[in-house]
Amino acid sequence: MTKNPQTRDEYKAAILHKIYRLVQAIELDDQAEYPVGIAQGIHYDTREFFNAERWKPRPVNASARARIPTGEVLTLRVQNWTPEPGDEQRCYSFVTGRLVEVGDVPYSRDDGARFQVIPTGKRNPREYTYRVGYGRSLKVWKGRLTEAQAAACVPLYEHEQAPPQQEKKAS
């Protein structure tokens, strides 16, 4: 098994295959098969198979992949934090261009999406990352729009997570 498993079924198959290899190496007393390395691989794959964080659902990622078309010209607005007064322009990225790919957030198993966009007038793709969290939002419009035009249009895709409501206590 040369490729790394990505799904639970692939991890299960890899574990069973490595158990088979380990039993064969032990029965033949063959050190060329590196039984210690095989056992360590079984340990790692078993930990990943039962890791609840790895397999938790990511609804924003799945819906972004399903609803946002690749290969088309889109306008993307990714807000990264809640702006402070006077900081409104730095808290978000606004880009127009052709969407190349919608993928997973790199180095994280949290919900969100990574967008590779070739901005208008550029040749190479740029990466924009949206992680789900309070004060963050994502809006995608179809076509090439300015910020004023985008504010007047209904987005193709929109996600924003609101903070939980806090009850006000009567004094």
# chains A, B, ... in the order shown; residues from 1 in each chain; ligands from 1
$ residues_around --residues "range 118-120 of chain A" --least-positions-apart "2" --cutoff "9 Å" --atoms "only C-alpha atoms" --output "ChimeraX atom specification"
/A:73,95-100,116,122-127,144
$ residues_around --residues "range 41-52 of chain A" --least-positions-apart "6" --cutoff "8 Å" --atoms "only C-alpha atoms" --output "list in words"
Arg8, Tyr11, Lys12, Ala14, Ile15, Lys18 and Ile19 of chain A
$ write_last_selection --atoms "N, CA and C atoms" --output "CSV table (one decimal), in the first residue's frame"
chain,number,residue,atom,x,y,z
A,8,ARG,N,-12.0,6.2,6.1
A,8,ARG,CA,-12.0,5.2,7.1
A,8,ARG,C,-11.9,3.8,6.5
A,11,TYR,N,-8.3,3.2,5.6
A,11,TYR,CA,-7.5,2.9,6.8
A,11,TYR,C,-7.8,1.5,7.3
A,12,LYS,N,-9.0,1.0,7.3
A,12,LYS,CA,-9.3,-0.3,7.7
A,12,LYS,C,-8.6,-1.3,6.8
A,14,ALA,N,-5.9,-0.8,5.1
A,14,ALA,CA,-4.4,-0.7,5.3
A,14,ALA,C,-4.0,-1.4,6.6
A,15,ILE,N,-4.9,-1.3,7.7
A,15,ILE,CA,-4.6,-2.0,8.9
A,15,ILE,C,-4.6,-3.5,8.7
A,18,LYS,N,-1.5,-4.6,6.8
A,18,LYS,CA,-0.3,-4.6,7.6
A,18,LYS,C,-0.3,-5.7,8.6
A,19,ILE,N,-1.5,-6.0,9.2
A,19,ILE,CA,-1.5,-7.2,10.1
A,19,ILE,C,-1.1,-8.5,9.4
$ atom_distance --atom1 "CA of Pro164 in chain A" --atom2 "CA of Ser137 in chain A"
15.5 Å
$ select_by_dssp --residues "chain A" --states "helix (DSSP H, G or I)" --output "VMD selection string"
chain A and resid 8 to 28 31 to 33 35 to 49 52 to 55 59 to 67 147 to 152
$ residues_around --residues "range 57-69 of chain A" --least-positions-apart "2" --cutoff "12 Å" --atoms "only C-alpha atoms" --output "PyMOL selection string"
chain A and resi 52-55+71-76+98-105+108-115+117+129-133+137-143+155-161
$ atom_distance --atom1 "CA of Arg136 in chain A" --atom2 "CA of Ala151 in chain A"
17.0 Å
$ atom_distance --atom1 "CA of Arg90 in chain A" --atom2 "CA of Tyr134 in chain A"
16.8 Å
$ select_by_dssp --residues "chain A" --states "strand (DSSP E or B)" --output "PyMOL selection string"
chain A and resi 73-79+92-103+112-119+126-131+134+137-142+157-161
$ closest_residue --among "A:Ala162, A:Gln79, A:Thr146, A:Thr7" --to "Lys56 in chain A" --atoms "only C-alpha atoms"
A:Thr7
$ decode --residues "range 11-154 of chain A" --atoms "C-alpha atoms" --output "compact mmCIF listing (two decimals), in the first residue's frame"
# COMPACT_ATOMS: atom_id res chain seq x y z
CA TYR A 11 -7.52 2.92 6.84
CA LYS A 12 -9.32 -0.33 7.68
CA ALA A 13 -7.91 -2.01 4.55
CA ALA A 14 -4.41 -0.70 5.34
CA ILE A 15 -4.60 -2.01 8.92
CA LEU A 16 -5.70 -5.46 7.76
CA HIS A 17 -2.98 -5.58 5.09
CA LYS A 18 -0.30 -4.58 7.60
CA ILE A 19 -1.53 -7.17 10.11
CA TYR A 20 -1.22 -9.81 7.37
CA ARG A 21 2.35 -8.64 6.58
CA LEU A 22 3.27 -8.62 10.29
CA VAL A 23 1.98 -12.18 10.84
CA GLN A 24 3.93 -13.39 7.78
CA ALA A 25 7.13 -11.68 8.99
CA ILE A 26 6.76 -13.17 12.49
CA GLU A 27 6.01 -16.70 11.23
CA LEU A 28 8.98 -16.66 8.84
CA ASP A 29 11.19 -14.91 11.41
CA ASP A 30 12.11 -12.55 8.59
CA GLN A 31 13.83 -9.35 9.76
CA ALA A 32 14.02 -8.08 6.16
CA GLU A 33 10.31 -7.21 6.38
CA TYR A 34 10.98 -4.89 9.37
CA PRO A 35 8.25 -6.19 11.71
CA VAL A 36 8.84 -3.35 14.17
CA GLY A 37 8.14 -0.81 11.43
CA ILE A 38 5.01 -2.69 10.35
CA ALA A 39 3.77 -2.75 13.97
CA GLN A 40 4.40 1.00 14.29
CA GLY A 41 2.42 1.55 11.06
CA ILE A 42 -0.47 -0.48 12.49
CA HIS A 43 -0.33 1.64 15.65
CA TYR A 44 -0.43 4.91 13.67
CA ASP A 45 -3.24 3.75 11.35
CA THR A 46 -5.29 2.50 14.31
CA ARG A 47 -4.93 5.86 16.06
CA GLU A 48 -6.06 7.69 12.91
CA PHE A 49 -8.95 5.26 12.37
CA PHE A 50 -10.34 6.01 15.85
CA ASN A 51 -9.48 9.75 15.87
CA ALA A 52 -12.89 11.47 16.23
CA GLU A 53 -11.51 14.90 15.24
CA ARG A 54 -10.36 13.60 11.85
CA TRP A 55 -13.74 12.21 10.87
CA LYS A 56 -16.05 14.91 12.20
CA PRO A 57 -18.37 16.37 9.54
CA ARG A 58 -17.43 19.59 7.73
CA PRO A 59 -20.69 20.95 6.30
CA VAL A 60 -19.33 24.29 5.03
CA ASN A 61 -16.54 22.57 3.13
CA ALA A 62 -18.94 20.06 1.56
CA SER A 63 -21.54 22.67 0.60
CA ALA A 64 -18.89 25.03 -0.82
CA ARG A 65 -17.53 22.25 -3.02
CA ALA A 66 -21.03 21.28 -4.17
CA ARG A 67 -22.48 24.75 -4.78
CA ILE A 68 -19.56 26.87 -6.02
CA PRO A 69 -18.64 26.04 -9.64
CA THR A 70 -14.97 25.81 -10.60
CA GLY A 71 -13.59 27.14 -13.87
CA GLU A 72 -15.92 30.16 -13.89
CA VAL A 73 -15.35 33.84 -13.15
CA LEU A 74 -16.48 34.60 -9.61
CA THR A 75 -16.22 37.38 -7.07
CA LEU A 76 -15.08 36.29 -3.63
CA ARG A 77 -15.19 38.15 -0.30
CA VAL A 78 -13.53 36.44 2.68
CA GLN A 79 -13.74 38.24 6.03
CA ASN A 80 -11.11 37.04 8.49
CA TRP A 81 -12.05 38.82 11.72
CA THR A 82 -14.54 41.26 13.21
CA PRO A 83 -13.33 44.72 12.28
CA GLU A 84 -12.43 47.36 14.84
CA PRO A 85 -13.40 50.95 14.06
CA GLY A 86 -11.11 52.20 11.29
CA ASP A 87 -9.98 48.66 10.43
CA GLU A 88 -12.78 47.72 8.02
CA GLN A 89 -10.61 47.52 4.88
CA ARG A 90 -7.99 45.16 6.38
CA CYS A 91 -10.36 42.55 7.78
CA TYR A 92 -11.44 41.07 4.44
CA SER A 93 -10.15 40.04 1.02
CA PHE A 94 -12.17 40.97 -2.05
CA VAL A 95 -11.06 39.32 -5.29
CA THR A 96 -12.50 38.75 -8.75
CA GLY A 97 -11.19 36.05 -11.02
CA ARG A 98 -11.49 32.50 -12.31
CA LEU A 99 -11.90 29.86 -9.60
CA VAL A 100 -9.51 26.97 -10.14
CA GLU A 101 -10.17 24.77 -7.12
CA VAL A 102 -12.11 24.53 -3.86
CA GLY A 103 -10.23 22.39 -1.35
CA ASP A 104 -9.62 21.63 2.32
CA VAL A 105 -8.12 24.13 4.73
CA PRO A 106 -4.41 23.31 4.83
CA TYR A 107 -2.89 21.92 8.05
CA SER A 108 -6.27 21.86 9.78
CA ARG A 109 -9.16 19.46 10.22
CA ASP A 110 -11.52 22.30 11.11
CA ASP A 111 -14.39 23.27 8.87
CA GLY A 112 -13.74 25.78 6.12
CA ALA A 113 -12.48 25.92 2.56
CA ARG A 114 -9.42 26.91 0.53
CA PHE A 115 -10.00 28.68 -2.77
CA GLN A 116 -7.47 28.88 -5.58
CA VAL A 117 -8.39 31.87 -7.73
CA ILE A 118 -6.60 33.36 -10.73
CA PRO A 119 -7.33 37.07 -10.13
CA THR A 120 -8.33 39.27 -13.03
CA GLY A 121 -5.19 40.47 -14.82
CA LYS A 122 -2.91 37.85 -13.23
CA ARG A 123 -1.50 34.58 -14.57
CA ASN A 124 -0.88 32.52 -11.46
CA PRO A 125 -3.46 31.37 -8.90
CA ARG A 126 -3.63 32.87 -5.44
CA GLU A 127 -4.92 31.05 -2.35
CA TYR A 128 -7.67 32.39 -0.13
CA THR A 129 -8.64 30.48 3.01
CA TYR A 130 -11.90 30.64 4.92
CA ARG A 131 -12.06 29.06 8.37
CA VAL A 132 -15.39 28.87 10.14
CA GLY A 133 -15.51 31.02 13.26
CA TYR A 134 -17.17 33.97 14.95
CA GLY A 135 -16.62 37.24 13.15
CA ARG A 136 -15.68 35.51 9.90
CA SER A 137 -17.78 35.33 6.77
CA LEU A 138 -17.66 34.15 3.18
CA LYS A 139 -19.62 35.48 0.21
CA VAL A 140 -19.33 34.37 -3.40
CA TRP A 141 -21.01 36.01 -6.39
CA LYS A 142 -21.12 34.82 -9.99
CA GLY A 143 -19.39 37.10 -12.48
CA ARG A 144 -16.98 40.01 -12.25
CA LEU A 145 -18.34 42.59 -9.81
CA THR A 146 -17.07 45.64 -7.97
CA GLU A 147 -17.63 45.97 -4.23
CA ALA A 148 -20.56 48.34 -4.79
CA GLN A 149 -22.19 45.99 -7.32
CA ALA A 150 -21.64 43.00 -5.04
CA ALA A 151 -23.33 44.79 -2.13
CA ALA A 152 -26.45 45.23 -4.29
CA CYS A 153 -26.59 41.61 -5.56
CA VAL A 154 -27.66 38.39 -3.90
